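Content type mmCIF, C-alpha atoms, from the file model-v4.cif:
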data_query
loop_
_atom_site.label_atom_id
_atom_site.label_comp_id
_atom_site.auth_asym_id
_atom_site.auth_seq_id
_atom_site.Cartn_x
_atom_site.Cartn_y
_atom_site.Cartn_z
CA MET P 1 0.00 0.00 0.00
CA PHE P 2 2.70 2.42 1.11
CA SER P 3 4.94 1.50 -1.83
CA MET P 4 2.03 2.06 -4.20
CA ILE P 5 1.53 5.58 -2.82
CA ILE P 6 5.26 6.30 -3.17
CA SER P 7 5.35 5.13 -6.77
CA VAL P 8 2.29 7.25 -7.68
CA VAL P 9 3.85 10.30 -6.01
CA ILE P 10 7.20 9.88 -7.78
CA SER P 11 5.52 9.22 -11.11
CA ALA P 12 3.21 12.26 -10.89
CA GLY P 13 5.58 14.73 -9.28
CA LEU P 14 8.98 13.95 -10.71
CA ALA P 15 9.18 11.31 -13.46
CA ASN P 16 6.14 12.60 -15.33
CA ASN P 17 6.41 16.16 -14.08
CA PHE P 18 3.53 18.14 -15.57
CA VAL P 19 5.68 20.94 -16.87
CA PHE P 20 8.92 19.32 -17.90
CA SER P 21 7.93 15.95 -19.25
CA GLN P 22 4.26 16.25 -20.14
CA THR P 23 4.23 19.97 -21.06
CA TYR P 24 0.94 20.83 -19.33
CA GLY P 25 0.36 24.28 -17.88
CA ILE P 26 3.11 26.08 -19.79
CA CYS P 27 1.20 29.39 -19.97
CA PRO P 28 1.24 30.08 -16.20
CA PHE P 29 4.70 28.51 -16.02
CA LEU P 30 6.02 31.18 -18.39
CA GLY P 31 3.74 33.99 -17.30
CA VAL P 32 3.91 33.93 -13.51
CA SER P 33 7.46 32.68 -12.92
CA LYS P 34 9.16 36.07 -12.88
CA GLN P 35 9.46 36.20 -9.09
CA THR P 36 9.77 33.41 -6.58
CA SER P 37 7.01 34.77 -4.34
CA SER P 38 4.43 34.84 -7.14
CA ALA P 39 5.59 31.42 -8.34
CA VAL P 40 4.91 29.94 -4.89
CA GLY P 41 1.48 31.63 -4.74
CA MET P 42 0.49 30.30 -8.14
CA GLY P 43 1.82 26.82 -7.31
CA VAL P 44 -0.21 26.63 -4.08
CA ALA P 45 -3.34 27.89 -5.82
CA VAL P 46 -2.97 25.36 -8.65
CA THR P 47 -2.39 22.50 -6.21
CA VAL P 48 -5.47 23.36 -4.15
CA VAL P 49 -7.69 23.66 -7.22
CA MET P 50 -6.29 20.45 -8.71
CA VAL P 51 -6.99 18.39 -5.57
CA ILE P 52 -10.51 19.73 -5.06
CA ALA P 53 -11.33 19.44 -8.78
CA THR P 54 -10.24 15.78 -8.79
CA MET P 55 -12.30 15.10 -5.67
CA ILE P 56 -15.39 16.46 -7.42
CA THR P 57 -14.91 15.28 -11.00
CA TYR P 58 -13.93 11.68 -10.19
CA PRO P 59 -17.32 10.73 -8.63
CA ILE P 60 -19.14 12.71 -11.34
CA TYR P 61 -17.29 10.78 -14.00
CA MET P 62 -18.28 7.50 -12.32
CA LEU P 63 -21.87 8.70 -12.56
CA LEU P 64 -21.41 9.50 -16.27
CA VAL P 65 -20.04 5.99 -16.82
CA LYS P 66 -23.01 4.48 -15.02
CA LEU P 67 -25.48 6.50 -17.10
CA ASP P 68 -23.49 5.77 -20.29
CA ILE P 69 -23.10 9.43 -21.29
CA ARG P 70 -19.30 9.55 -21.21
CA PHE P 71 -19.08 11.93 -24.19
CA LEU P 72 -20.26 14.81 -21.98
CA GLU P 73 -17.03 14.70 -19.97
CA ILE P 74 -15.34 17.78 -21.47
CA LEU P 75 -18.36 20.01 -20.76
CA VAL P 76 -18.79 18.66 -17.23
CA PHE P 77 -15.12 18.92 -16.29
CA ILE P 78 -14.60 22.45 -17.55
CA PHE P 79 -17.81 23.59 -15.91
CA VAL P 80 -16.85 22.07 -12.56
CA ILE P 81 -13.40 23.68 -12.73
CA ALA P 82 -14.74 27.11 -13.70
CA ALA P 83 -17.41 27.05 -10.99
CA LEU P 84 -14.93 25.77 -8.42
CA VAL P 85 -12.45 28.53 -9.14
CA GLN P 86 -15.14 31.21 -8.82
CA MET P 87 -16.39 29.68 -5.58
CA LEU P 88 -12.91 29.39 -4.06
CA GLU P 89 -12.25 33.02 -4.93
CA LYS P 90 -15.43 34.10 -3.11
CA ILE P 91 -14.75 31.87 -0.08
CA ILE P 92 -11.15 32.99 0.33
CA LYS P 93 -12.12 36.63 -0.07
CA LYS P 94 -14.74 36.24 2.66
CA PHE P 95 -12.73 34.29 5.23
CA SER P 96 -9.11 35.29 4.78
CA PRO P 97 -8.32 38.62 3.13
CA THR P 98 -4.57 38.14 3.67
CA LEU P 99 -4.64 34.80 1.84
CA TYR P 100 -6.75 36.44 -0.84
CA ASN P 101 -4.14 39.13 -1.32
CA ALA P 102 -1.42 36.47 -1.55
CA MET P 103 -3.04 34.09 -4.04
CA GLY P 104 -6.37 35.62 -5.04
CA ILE P 105 -5.03 37.28 -8.17
CA TYR P 106 -3.85 33.93 -9.54
CA LEU P 107 -7.17 32.16 -9.05
CA PRO P 108 -9.03 33.42 -12.17
CA LEU P 109 -6.06 32.38 -14.31
CA ILE P 110 -6.38 28.77 -13.19
CA THR P 111 -9.56 28.12 -15.18
CA THR P 112 -7.51 28.19 -18.36
CA ASN P 113 -4.62 26.22 -16.88
CA CYS P 114 -4.52 23.01 -18.87
CA ALA P 115 -2.83 21.07 -16.05
CA VAL P 116 -6.04 21.07 -13.98
CA LEU P 117 -8.21 19.73 -16.81
CA ALA P 118 -5.47 17.26 -17.71
CA VAL P 119 -5.44 15.80 -14.19
CA CYS P 120 -9.20 15.23 -14.35
CA GLU P 121 -8.87 13.55 -17.75
CA ILE P 122 -5.92 11.36 -16.75
CA THR P 123 -7.22 10.14 -13.41
CA SER P 124 -10.66 9.27 -14.79
CA ASN P 125 -9.15 7.75 -17.97
CA ALA P 126 -11.77 9.63 -19.97
CA LEU P 127 -10.06 9.25 -23.35
CA VAL P 128 -10.16 5.50 -23.72
CA SER P 129 -12.33 4.57 -26.68
CA GLY P 130 -14.56 1.53 -26.44
CA THR P 131 -15.41 0.13 -23.03
CA TRP P 132 -14.17 2.18 -20.08
CA GLU P 133 -11.56 0.83 -17.65
CA ARG P 134 -9.83 2.40 -14.68
CA ALA P 135 -6.59 4.26 -15.46
CA VAL P 136 -3.30 2.55 -14.55
CA ILE P 137 -0.51 4.91 -13.52
CA ALA P 138 2.92 3.58 -12.50
CA GLY P 139 1.45 0.09 -12.19
CA VAL P 140 -1.27 1.22 -9.78
CA GLU P 141 -4.94 0.99 -10.64
CA MET P 142 -6.53 4.37 -9.95
CA ASN P 143 -9.39 4.77 -7.52
CA PHE P 144 -10.67 7.84 -5.69
CA GLY P 145 -7.88 7.91 -3.08
CA PHE P 146 -5.05 7.37 -5.54
CA SER P 147 -6.52 9.98 -7.88
CA VAL P 148 -6.43 12.58 -5.11
CA ILE P 149 -2.84 11.60 -4.26
CA TYR P 150 -1.93 11.85 -7.94
CA ALA P 151 -3.45 15.33 -8.13
CA LEU P 152 -1.65 16.46 -4.97
CA ALA P 153 1.72 15.14 -6.14
CA GLY P 154 1.22 16.59 -9.62
CA GLY P 155 0.37 19.99 -8.17
CA LEU P 156 3.43 19.94 -5.94
CA GLY P 157 5.56 18.93 -8.94
CA PHE P 158 4.12 21.90 -10.83
CA MET P 159 5.02 24.17 -7.91
CA LEU P 160 8.56 22.75 -7.84
CA ALA P 161 8.95 23.50 -11.54
CA MET P 162 7.65 27.06 -11.08
CA VAL P 163 9.97 27.75 -8.14
CA ILE P 164 13.07 26.40 -9.93
CA MET P 165 12.23 28.43 -13.02
CA SER P 166 11.60 31.64 -11.07
CA GLY P 167 14.99 31.31 -9.37
CA MET P 168 16.69 30.90 -12.73
CA ARG P 169 14.78 33.79 -14.28
CA GLU P 170 15.82 36.22 -11.57
CA LYS P 171 19.41 35.51 -12.64
CA ILE P 172 18.68 35.51 -16.39
CA ASN P 173 17.17 38.99 -16.20
CA HIS P 174 20.60 40.41 -15.46
CA LEU P 175 22.27 38.87 -18.52
CA ASN P 176 23.23 40.92 -21.53
CA LEU P 177 21.48 39.08 -24.36
CA PRO P 178 20.80 39.76 -28.05
CA LYS P 179 17.42 41.44 -28.46
CA ALA P 180 15.77 38.51 -30.25
CA LEU P 181 16.63 36.10 -27.42
CA GLN P 182 15.29 38.24 -24.60
CA GLY P 183 12.10 37.26 -22.81
CA PHE P 184 10.39 34.03 -23.85
CA PRO P 185 13.10 32.47 -26.07
CA ILE P 186 15.80 32.38 -23.40
CA THR P 187 13.23 31.15 -20.85
CA MET P 188 12.33 28.27 -23.16
CA VAL P 189 15.97 27.33 -23.67
CA THR P 190 16.53 27.41 -19.90
CA ALA P 191 13.44 25.24 -19.40
CA ALA P 192 14.92 22.76 -21.88
CA PHE P 193 18.01 22.35 -19.71
CA ILE P 194 15.95 21.95 -16.52
CA ALA P 195 13.84 19.35 -18.37
CA MET P 196 17.04 17.48 -19.19
CA ALA P 197 17.91 17.47 -15.49
CA PHE P 198 14.42 16.12 -14.68
CA TYR P 199 15.00 13.27 -17.13
CA VAL P 200 17.04 11.43 -14.45
CA PHE P 201 13.77 10.68 -12.61
CA VAL P 202 12.23 8.80 -15.55
CA PRO P 203 13.69 5.36 -14.67
CA LEU P 204 12.30 5.76 -11.14
CA GLY P 205 8.68 6.18 -12.02
CA GLY P 206 8.18 4.95 -15.58
CA MET X 1 -12.72 45.41 -48.30
CA LYS X 2 -9.71 43.69 -49.85
CA ASN X 3 -7.42 45.84 -47.74
CA ARG X 4 -9.23 44.78 -44.58
CA ILE X 5 -8.99 41.07 -45.43
CA GLY X 6 -5.31 41.53 -46.16
CA LYS X 7 -4.81 43.22 -42.82
CA ILE X 8 -6.61 40.46 -40.91
CA ALA X 9 -4.63 37.81 -42.80
CA LEU X 10 -1.27 39.48 -42.24
CA ASN X 11 -2.01 40.02 -38.54
CA GLY X 12 -3.12 36.44 -38.00
CA LEU X 13 -0.31 34.84 -39.92
CA ILE X 14 2.68 37.03 -39.07
CA PHE X 15 2.44 40.12 -36.88
CA ASP X 16 0.09 38.59 -34.30
CA ASN X 17 1.11 35.02 -34.94
CA PRO X 18 -0.33 33.28 -31.87
CA THR X 19 2.56 30.88 -31.42
CA PHE X 20 5.66 32.91 -32.23
CA MET X 21 4.67 36.51 -31.48
CA LEU X 22 2.05 36.24 -28.72
CA VAL X 23 3.33 32.92 -27.24
CA LEU X 24 -0.19 31.58 -26.59
CA GLY X 25 -1.33 27.99 -26.71
CA THR X 26 2.11 26.74 -25.78
CA CYS X 27 1.10 23.37 -24.34
CA PRO X 28 -0.11 21.77 -27.61
CA THR X 29 2.75 23.46 -29.46
CA LEU X 30 5.31 21.71 -27.28
CA ALA X 31 3.51 18.38 -27.05
CA MET X 32 2.19 17.84 -30.56
CA THR X 33 5.21 18.78 -32.68
CA SER X 34 7.31 15.63 -32.38
CA LYS X 35 5.80 14.48 -35.69
CA ALA X 36 4.91 16.86 -38.52
CA LEU X 37 1.70 14.98 -39.32
CA ASP X 38 0.45 15.22 -35.72
CA ALA X 39 1.27 18.93 -35.75
CA PHE X 40 -0.78 19.32 -38.94
CA GLY X 41 -3.70 17.44 -37.37
CA MET X 42 -3.59 19.60 -34.27
CA GLY X 43 -3.46 22.74 -36.45
CA VAL X 44 -6.49 21.70 -38.48
CA SER X 45 -8.42 20.83 -35.28
CA VAL X 46 -7.68 24.27 -33.83
CA ILE X 47 -8.69 26.00 -37.10
CA PHE X 48 -12.00 24.11 -36.99
CA VAL X 49 -12.78 24.99 -33.37
CA LEU X 50 -11.49 28.57 -33.60
CA THR X 51 -13.41 29.44 -36.79
CA LEU X 52 -16.70 27.99 -35.59
CA SER X 53 -16.40 29.45 -32.09
CA ASN X 54 -15.59 32.87 -33.58
CA ILE X 55 -18.63 32.67 -35.87
CA ILE X 56 -21.01 31.59 -33.09
CA ILE X 57 -19.72 34.05 -30.50
CA SER X 58 -19.77 36.90 -32.98
CA ALA X 59 -23.34 36.04 -34.02
CA LEU X 60 -24.43 35.95 -30.37
CA ARG X 61 -22.40 38.94 -29.23
CA LYS X 62 -25.48 41.13 -28.63
CA ILE X 63 -27.41 38.38 -26.83
CA ILE X 64 -24.78 37.16 -24.36
CA PRO X 65 -24.86 39.38 -21.22
CA ASN X 66 -21.52 40.94 -20.40
CA THR X 67 -21.30 39.53 -16.87
CA VAL X 68 -21.57 35.86 -17.83
CA ARG X 69 -19.73 36.04 -21.12
CA ILE X 70 -16.72 33.89 -20.14
CA PRO X 71 -18.79 30.86 -19.00
CA ALA X 72 -20.92 31.24 -22.13
CA TYR X 73 -17.81 31.21 -24.35
CA ILE X 74 -16.42 28.20 -22.52
CA VAL X 75 -19.65 26.25 -22.99
CA ILE X 76 -19.66 27.04 -26.74
CA ILE X 77 -16.01 26.02 -27.12
CA ALA X 78 -16.44 22.85 -25.04
CA THR X 79 -19.41 21.80 -27.18
CA LEU X 80 -17.36 22.27 -30.36
CA VAL X 81 -14.47 20.27 -28.90
CA THR X 82 -16.86 17.47 -27.93
CA ILE X 83 -18.11 17.34 -31.53
CA LEU X 84 -14.52 17.26 -32.78
CA LYS X 85 -13.62 14.52 -30.31
CA LEU X 86 -16.52 12.30 -31.35
CA PHE X 87 -15.65 12.88 -35.02
CA LEU X 88 -11.95 12.06 -34.63
CA ASN X 89 -12.67 9.02 -32.45
CA LYS X 90 -14.88 7.58 -35.17
CA MET X 91 -13.16 8.72 -38.38
CA ILE X 92 -9.42 9.21 -37.66
CA PRO X 93 -8.58 6.96 -34.68
CA ASP X 94 -4.81 7.26 -35.34
CA LEU X 95 -4.85 11.03 -34.83
CA TYR X 96 -7.23 10.60 -31.88
CA SER X 97 -4.81 8.30 -30.07
CA SER X 98 -1.72 10.37 -30.85
CA MET X 99 -3.39 13.58 -29.64
CA GLY X 100 -4.40 11.92 -26.38
CA THR X 101 -5.12 14.37 -23.59
CA PHE X 102 -4.37 17.36 -25.79
CA LEU X 103 -7.63 16.93 -27.69
CA PRO X 104 -9.88 17.89 -24.73
CA LEU X 105 -7.27 20.47 -23.73
CA ILE X 106 -8.18 22.51 -26.85
CA VAL X 107 -10.99 23.86 -24.60
CA VAL X 108 -8.47 25.68 -22.41
CA ASN X 109 -6.25 26.76 -25.31
CA CYS X 110 -5.68 30.46 -24.66
CA ILE X 111 -5.77 31.31 -28.39
CA ILE X 112 -9.43 30.38 -28.74
CA LEU X 113 -10.69 32.18 -25.63
CA GLY X 114 -8.34 35.07 -26.42
CA ARG X 115 -9.69 35.59 -29.94
CA ALA X 116 -13.27 35.26 -28.66
CA GLU X 117 -12.63 37.95 -26.07
CA ALA X 118 -10.45 40.27 -28.16
CA PHE X 119 -12.00 39.98 -31.62
CA ALA X 120 -15.22 37.97 -32.03
CA SER X 121 -17.09 39.73 -29.22
CA LYS X 122 -16.60 43.10 -30.92
CA ASN X 123 -16.66 42.42 -34.68
CA LYS X 124 -19.04 41.29 -37.43
CA VAL X 125 -19.57 37.63 -38.30
CA VAL X 126 -17.62 37.63 -41.58
CA ASP X 127 -14.62 39.42 -40.07
CA SER X 128 -14.63 37.06 -37.10
CA MET X 129 -14.70 34.06 -39.40
CA LEU X 130 -11.72 35.38 -41.37
CA ASP X 131 -9.90 36.17 -38.14
CA GLY X 132 -10.53 32.61 -36.94
CA ILE X 133 -9.28 31.07 -40.16
CA PHE X 134 -6.13 33.17 -40.38
CA THR X 135 -5.19 33.02 -36.69
CA GLY X 136 -5.71 29.26 -36.83
CA ALA X 137 -3.62 29.12 -39.99
CA GLY X 138 -0.84 31.06 -38.25
CA PHE X 139 -0.95 28.53 -35.42
CA MET X 140 -0.86 25.62 -37.87
CA PHE X 141 1.98 27.18 -39.85
CA ALA X 142 4.08 27.54 -36.70
CA LEU X 143 3.27 24.00 -35.54
CA VAL X 144 4.10 22.44 -38.91
CA ILE X 145 7.44 24.29 -39.12
CA MET X 146 8.39 23.08 -35.65
CA GLY X 147 7.07 19.61 -36.44
CA ILE X 148 9.24 19.38 -39.56
CA ILE X 149 12.36 20.52 -37.68
CA ARG X 150 11.78 18.17 -34.75
CA GLU X 151 10.79 15.17 -36.84
CA PHE X 152 13.78 15.65 -39.16
CA LEU X 153 16.25 15.84 -36.27
CA GLY X 154 14.51 13.47 -33.89
CA ALA X 155 13.40 10.67 -36.17
CA GLY X 156 15.22 11.35 -39.44
CA SER X 157 11.99 11.67 -41.40
CA ILE X 158 9.59 14.30 -42.68
CA PHE X 159 5.83 13.58 -42.68
CA GLY X 160 6.68 9.93 -42.01
CA LEU X 161 9.01 9.70 -45.01
CA GLN X 162 12.40 8.32 -43.94
CA ILE X 163 15.23 10.43 -45.40
CA MET X 164 18.04 10.17 -42.88
CA SER X 165 19.57 7.01 -41.46
CA PHE X 166 20.53 8.41 -38.04
CA LYS X 167 18.48 10.26 -35.45
CA ILE X 168 18.99 12.45 -32.38
CA SER X 169 16.14 11.29 -30.15
CA PHE X 170 16.71 14.30 -27.84
CA PHE X 171 14.59 16.31 -30.27
CA SER X 172 11.62 13.94 -30.02
CA MET X 173 11.49 14.47 -26.27
CA PRO X 174 9.97 17.43 -24.35
CA MET X 175 13.36 19.08 -23.79
CA GLY X 176 13.94 19.12 -27.55
CA ALA X 177 10.54 20.77 -27.88
CA PHE X 178 11.48 23.51 -25.42
CA ILE X 179 14.79 24.27 -27.12
CA VAL X 180 13.38 24.20 -30.69
CA TYR X 181 10.45 26.40 -29.65
CA GLY X 182 12.71 28.95 -27.97
CA LEU X 183 15.06 29.18 -30.93
CA CYS X 184 12.16 29.35 -33.42
CA ILE X 185 10.66 32.32 -31.55
CA ALA X 186 14.04 34.05 -31.51
CA LEU X 187 14.56 33.50 -35.25
CA PHE X 188 11.02 34.63 -36.13
CA VAL X 189 11.34 37.80 -34.04
CA TYR X 190 14.75 38.50 -35.56
CA ILE X 191 13.50 38.12 -39.16
CA ILE X 192 10.45 40.35 -38.56
CA ASP X 193 12.67 42.91 -36.87
CA CYS X 194 15.05 42.96 -39.86
CA VAL X 195 12.20 43.27 -42.38
CA GLN X 196 10.61 46.11 -40.47
CA ARG X 197 13.92 47.92 -40.05
CA SER X 198 14.76 47.68 -43.77
CA ARG X 199 11.25 48.90 -44.60
CA ARG X 200 11.68 51.84 -42.26
CA ILE X 201 15.06 52.71 -43.81
CA LYS X 202 13.59 52.54 -47.31
CA LYS X 203 10.74 54.83 -46.25
CA ALA X 204 13.16 57.27 -44.66
CA ARG X 205 15.30 57.31 -47.80
CA LEU X 206 12.27 57.99 -50.00
CA LEU X 207 11.23 60.80 -47.67
CA HIS X 208 14.75 62.18 -47.73
CA ALA X 209 14.85 62.09 -51.55
CA ASP X 210 11.49 63.88 -51.71
CA VAL X 211 12.77 66.58 -49.38
CA LEU X 212 15.93 67.05 -51.46
CA GLU X 213 13.95 67.27 -54.69
CA GLY X 214 11.63 69.80 -53.08
CA LYS X 215 14.59 71.95 -52.14
CA GLU X 216 16.03 71.93 -55.63
#
Here is the file; what I need is its structure written in the form of structure tokens.
Amino acid sequence: MFSMIISVVISAGLANNFVFSQTYGICPFLGVSKQTSSAVGMGVAVTVVMVIATMITYPIYMLLVKLDIRFLEILVFIFVIAALVQMLEKIIKKFSPTLYNAMGIYLPLITTNCAVLAVCEITSNALVSGTWERAVIAGVEMNFGFSVIYALAGGLGFMLAMVIMSGMREKINHLNLPKALQGFPITMVTAAFIAMAFYVFVPLGG
Amino acid sequence: MKNRIGKIALNGLIFDNPTFMLVLGTCPTLAMTSKALDAFGMGVSVIFVLTLSNIIISALRKIIPNTVRIPAYIVIIATLVTILKLFLNKMIPDLYSSMGTFLPLIVVNCIILGRAEAFASKNKVVDSMLDGIFTGAGFMFALVIMGIIREFLGAGSIFGLQIMSFKISFFSMPMGAFIVYGLCIALFVYIIDCVQRSRRIKKARLLHADVLEGKE
């Protein structure tokens, strides 16, 4: 049991890191990684939304399977995520203004973060054509608990990627570069080298 | 009329190229360009969704209330993607399986929501349709270029046609995608910069000549 959890965590967070080996959620990764503080805020917000979204969409998807209307999954997932983000924004604003100031501005951006929708699709194995079976990740058959763990680990892996990138970018900003390479191009090239470093985790989590 | 179409086309394809100039929709760009054919399929899918969503949103722009416009757009786009998904699953299962998760992720592609918000919600139906076609074409053009580069280096082939006996599999992997994308943006920006500078110099010279002639 414990080893299964460990292998799911390593697979989701490091070996199949959302940013560096599956290339999900690149827009916020490039857009909000200019400073470490904002990178941490965005990472936390994405992780929270990812975990709650998986908790809600997984049972809903089971219901869709039972009713045999699986083709509605895209509409249902995106609607749940959009509603969830709006609701979280309202709740945080009401109960903790300091937390709202820290991560509230990143919340609306999360609706269009593909990593969140991707987690829902992967854990519920929504894309299989023909008869539906549970997803198998790192040799573990997914159920509700493992899906939530997968979402948590994936979100933390996303945050790790954001924090590493923001640290690098604070240094890159001081370099004297040709005009064409400034901004996004040099960030992409840097991300390529970090992705190479992350490749060492692939044998661990398949 | 012709001038306006030309302007929309030039903006969509080059000056506001969604992939190279605005750096939007990066996730499918990085993930779907390891083979040129997959890149082409992704480009055509995005053109389909973007054109239809632009047409529908532009036709409904006076009906949709301003406060709930984003959810309304998302529902329209998600419906179109569901149609596309059912179609590909039935008709082109190869493309369906190679696109994988990135097919439903077209819903959250920033290009589509961005064009809906910036163009289709303010312009007429025909203009919005043209904008959708040309912005989508700019996206496809960028994807196919990157797909050709990455497939040539990473698998030694172009559109599945084997032309090289060795391969550098680094370029088929995500890190190859990052590095090729970064360098492609740099090259594109550099070329556009050079063209614009030479155009400006030419204009200045013409102006200068006119001034001299006027003096004489």
Would you tabulate, counting all atoms listed in the file, all residues of chain X that have an atom at most 9 Å from an atom of chain P, showing the closest pair of atoms and their distance in Å to one decimal, sorted by chain then ascending number, as a Markdown table?
| residue | atom | partner | partner_atom | distance |
| --- | --- | --- | --- | --- |
| X:Val23 | CA | P:Phe184 | CA | 7.9 |
| X:Leu24 | CA | P:Cys27 | CA | 7.1 |
| X:Gly25 | CA | P:Cys27 | CA | 7.3 |
| X:Thr26 | CA | P:Ile26 | CA | 6.1 |
| X:Cys27 | CA | P:Tyr24 | CA | 5.6 |
| X:Pro28 | CA | P:Thr23 | CA | 8.1 |
| X:Leu30 | CA | P:Thr23 | CA | 6.5 |
| X:Ala31 | CA | P:Thr23 | CA | 6.2 |
| X:Pro71 | CA | P:Ala82 | CA | 7.7 |
| X:Ile74 | CA | P:Ile78 | CA | 7.8 |
| X:Val75 | CA | P:Leu75 | CA | 6.8 |
| X:Ala78 | CA | P:Leu75 | CA | 5.5 |
| X:Thr79 | CA | P:Leu75 | CA | 6.7 |
| X:Val81 | CA | P:Ile74 | CA | 7.9 |
| X:Thr82 | CA | P:Ile74 | CA | 6.6 |
| X:Lys85 | CA | P:Phe71 | CA | 8.6 |
| X:Leu86 | CA | P:Phe71 | CA | 7.6 |
| X:Asn89 | CA | P:Ser129 | CA | 7.3 |
| X:Ser97 | CA | P:Leu127 | CA | 8.6 |
| X:Gly100 | CA | P:Leu127 | CA | 7.0 |
| X:Thr101 | CA | P:Ala118 | CA | 6.6 |
| X:Phe102 | CA | P:Ala118 | CA | 8.2 |
| X:Pro104 | CA | P:Ile74 | CA | 6.4 |
| X:Leu105 | CA | P:Cys114 | CA | 6.1 |
| X:Ile106 | CA | P:Cys114 | CA | 8.8 |
| X:Val107 | CA | P:Ile78 | CA | 8.0 |
| X:Val108 | CA | P:Thr112 | CA | 4.9 |
| X:Asn109 | CA | P:Thr112 | CA | 7.2 |
| X:Cys110 | CA | P:Thr112 | CA | 6.9 |
| X:Leu113 | CA | P:Thr112 | CA | 8.9 |
| X:Met173 | CA | P:Ser21 | CA | 8.0 |
| X:Pro174 | CA | P:Ser21 | CA | 5.7 |
| X:Met175 | CA | P:Ala192 | CA | 4.4 |
| X:Gly176 | CA | P:Ala192 | CA | 6.8 |
| X:Ala177 | CA | P:Ala192 | CA | 7.7 |
| X:Phe178 | CA | P:Ala192 | CA | 5.0 |
| X:Ile179 | CA | P:Val189 | CA | 4.8 |
| X:Val180 | CA | P:Val189 | CA | 8.1 |
| X:Tyr181 | CA | P:Met188 | CA | 7.0 |
| X:Gly182 | CA | P:Pro185 | CA | 4.0 |
| X:Leu183 | CA | P:Pro185 | CA | 6.2 |
| X:Cys184 | CA | P:Pro185 | CA | 8.0 |
| X:Ile185 | CA | P:Pro185 | CA | 6.0 |
| X:Ala186 | CA | P:Ala180 | CA | 4.9 |
| X:Leu187 | CA | P:Ala180 | CA | 7.2 |
| X:Phe188 | CA | P:Ala180 | CA | 8.5 |
| X:Val189 | CA | P:Ala180 | CA | 5.9 |
| X:Tyr190 | CA | P:Ala180 | CA | 5.4 |
| X:Asp193 | CA | P:Ala180 | CA | 8.5 |
Go ahead and dump the residues you just picked, C-alpha atoms, as a tab-separated table (two decimals), in the coordinates of the input.
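Output below, filename part_30.tsv:
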chain	number	residue	atom	x	y	z
X	23	VAL	CA	3.33	32.92	-27.24
X	24	LEU	CA	-0.19	31.58	-26.59
X	25	GLY	CA	-1.33	27.99	-26.71
X	26	THR	CA	2.11	26.74	-25.78
X	27	CYS	CA	1.10	23.37	-24.34
X	28	PRO	CA	-0.11	21.77	-27.61
X	30	LEU	CA	5.31	21.71	-27.28
X	31	ALA	CA	3.51	18.38	-27.05
X	71	PRO	CA	-18.79	30.86	-19.00
X	74	ILE	CA	-16.42	28.20	-22.52
X	75	VAL	CA	-19.65	26.25	-22.99
X	78	ALA	CA	-16.44	22.85	-25.04
X	79	THR	CA	-19.41	21.80	-27.18
X	81	VAL	CA	-14.47	20.27	-28.90
X	82	THR	CA	-16.86	17.47	-27.93
X	85	LYS	CA	-13.62	14.52	-30.31
X	86	LEU	CA	-16.52	12.30	-31.35
X	89	ASN	CA	-12.67	9.02	-32.45
X	97	SER	CA	-4.81	8.30	-30.07
X	100	GLY	CA	-4.40	11.92	-26.38
X	101	THR	CA	-5.12	14.37	-23.59
X	102	PHE	CA	-4.37	17.36	-25.79
X	104	PRO	CA	-9.88	17.89	-24.73
X	105	LEU	CA	-7.27	20.47	-23.73
X	106	ILE	CA	-8.18	22.51	-26.85
X	107	VAL	CA	-10.99	23.86	-24.60
X	108	VAL	CA	-8.47	25.68	-22.41
X	109	ASN	CA	-6.25	26.76	-25.31
X	110	CYS	CA	-5.68	30.46	-24.66
X	113	LEU	CA	-10.69	32.18	-25.63
X	173	MET	CA	11.49	14.47	-26.27
X	174	PRO	CA	9.97	17.43	-24.35
X	175	MET	CA	13.36	19.08	-23.79
X	176	GLY	CA	13.94	19.12	-27.55
X	177	ALA	CA	10.54	20.77	-27.88
X	178	PHE	CA	11.48	23.51	-25.42
X	179	ILE	CA	14.79	24.27	-27.12
X	180	VAL	CA	13.38	24.20	-30.69
X	181	TYR	CA	10.45	26.40	-29.65
X	182	GLY	CA	12.71	28.95	-27.97
X	183	LEU	CA	15.06	29.18	-30.93
X	184	CYS	CA	12.16	29.35	-33.42
X	185	ILE	CA	10.66	32.32	-31.55
X	186	ALA	CA	14.04	34.05	-31.51
X	187	LEU	CA	14.56	33.50	-35.25
X	188	PHE	CA	11.02	34.63	-36.13
X	189	VAL	CA	11.34	37.80	-34.04
X	190	TYR	CA	14.75	38.50	-35.56
X	193	ASP	CA	12.67	42.91	-36.87
Checklist entry - Mind telling me what the PyMOL selection byres ((chain P and resi 123) around 9) catches here, as an MDAnalysis selection string? => result chainID P and resid 54 58 118:122 124:126 134:137 142:144 146:148 150:151
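Remark: for Thr36 (chain P), the closest of the candidate residues P:Val163, P:Val202, P:Leu88, P:Leu64 is P:Val163 (distances computed over all atoms listed in the file).
Near Ile148 (chain X), within 9 Å and counting all atoms listed in the file, sit Thr33, Ser34, Lys35, Ala36, Leu37, Ala39, Leu143, Leu153, Ser157, Ile158 and Phe159 of chain X; same-chain residues fewer than 5 positions away were not included.
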Let me have the centre and edge lengths of the axis-aligned box enclosing all listed atoms of region 97-102 of chain P with 8 Å padding on every side, in Å to one decimal, as AutoDock Vina command-line options.
--center_x -4.9 --center_y 37.0 --center_z 1.1 --size_x 22.9 --size_y 20.3 --size_z 21.2
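The result of the PyMOL selection byres ((chain P and resi 10) around 10) on the shown file is Ile5, Ile6, Ser7, Val8, Val9, Ser11, Ala12, Gly13, Leu14, Ala15, Asn16, Asn17, Ala138, Tyr150, Ala153, Gly154, Gly157, Phe201, Val202, Leu204, Gly205 and Gly206 of chain P.
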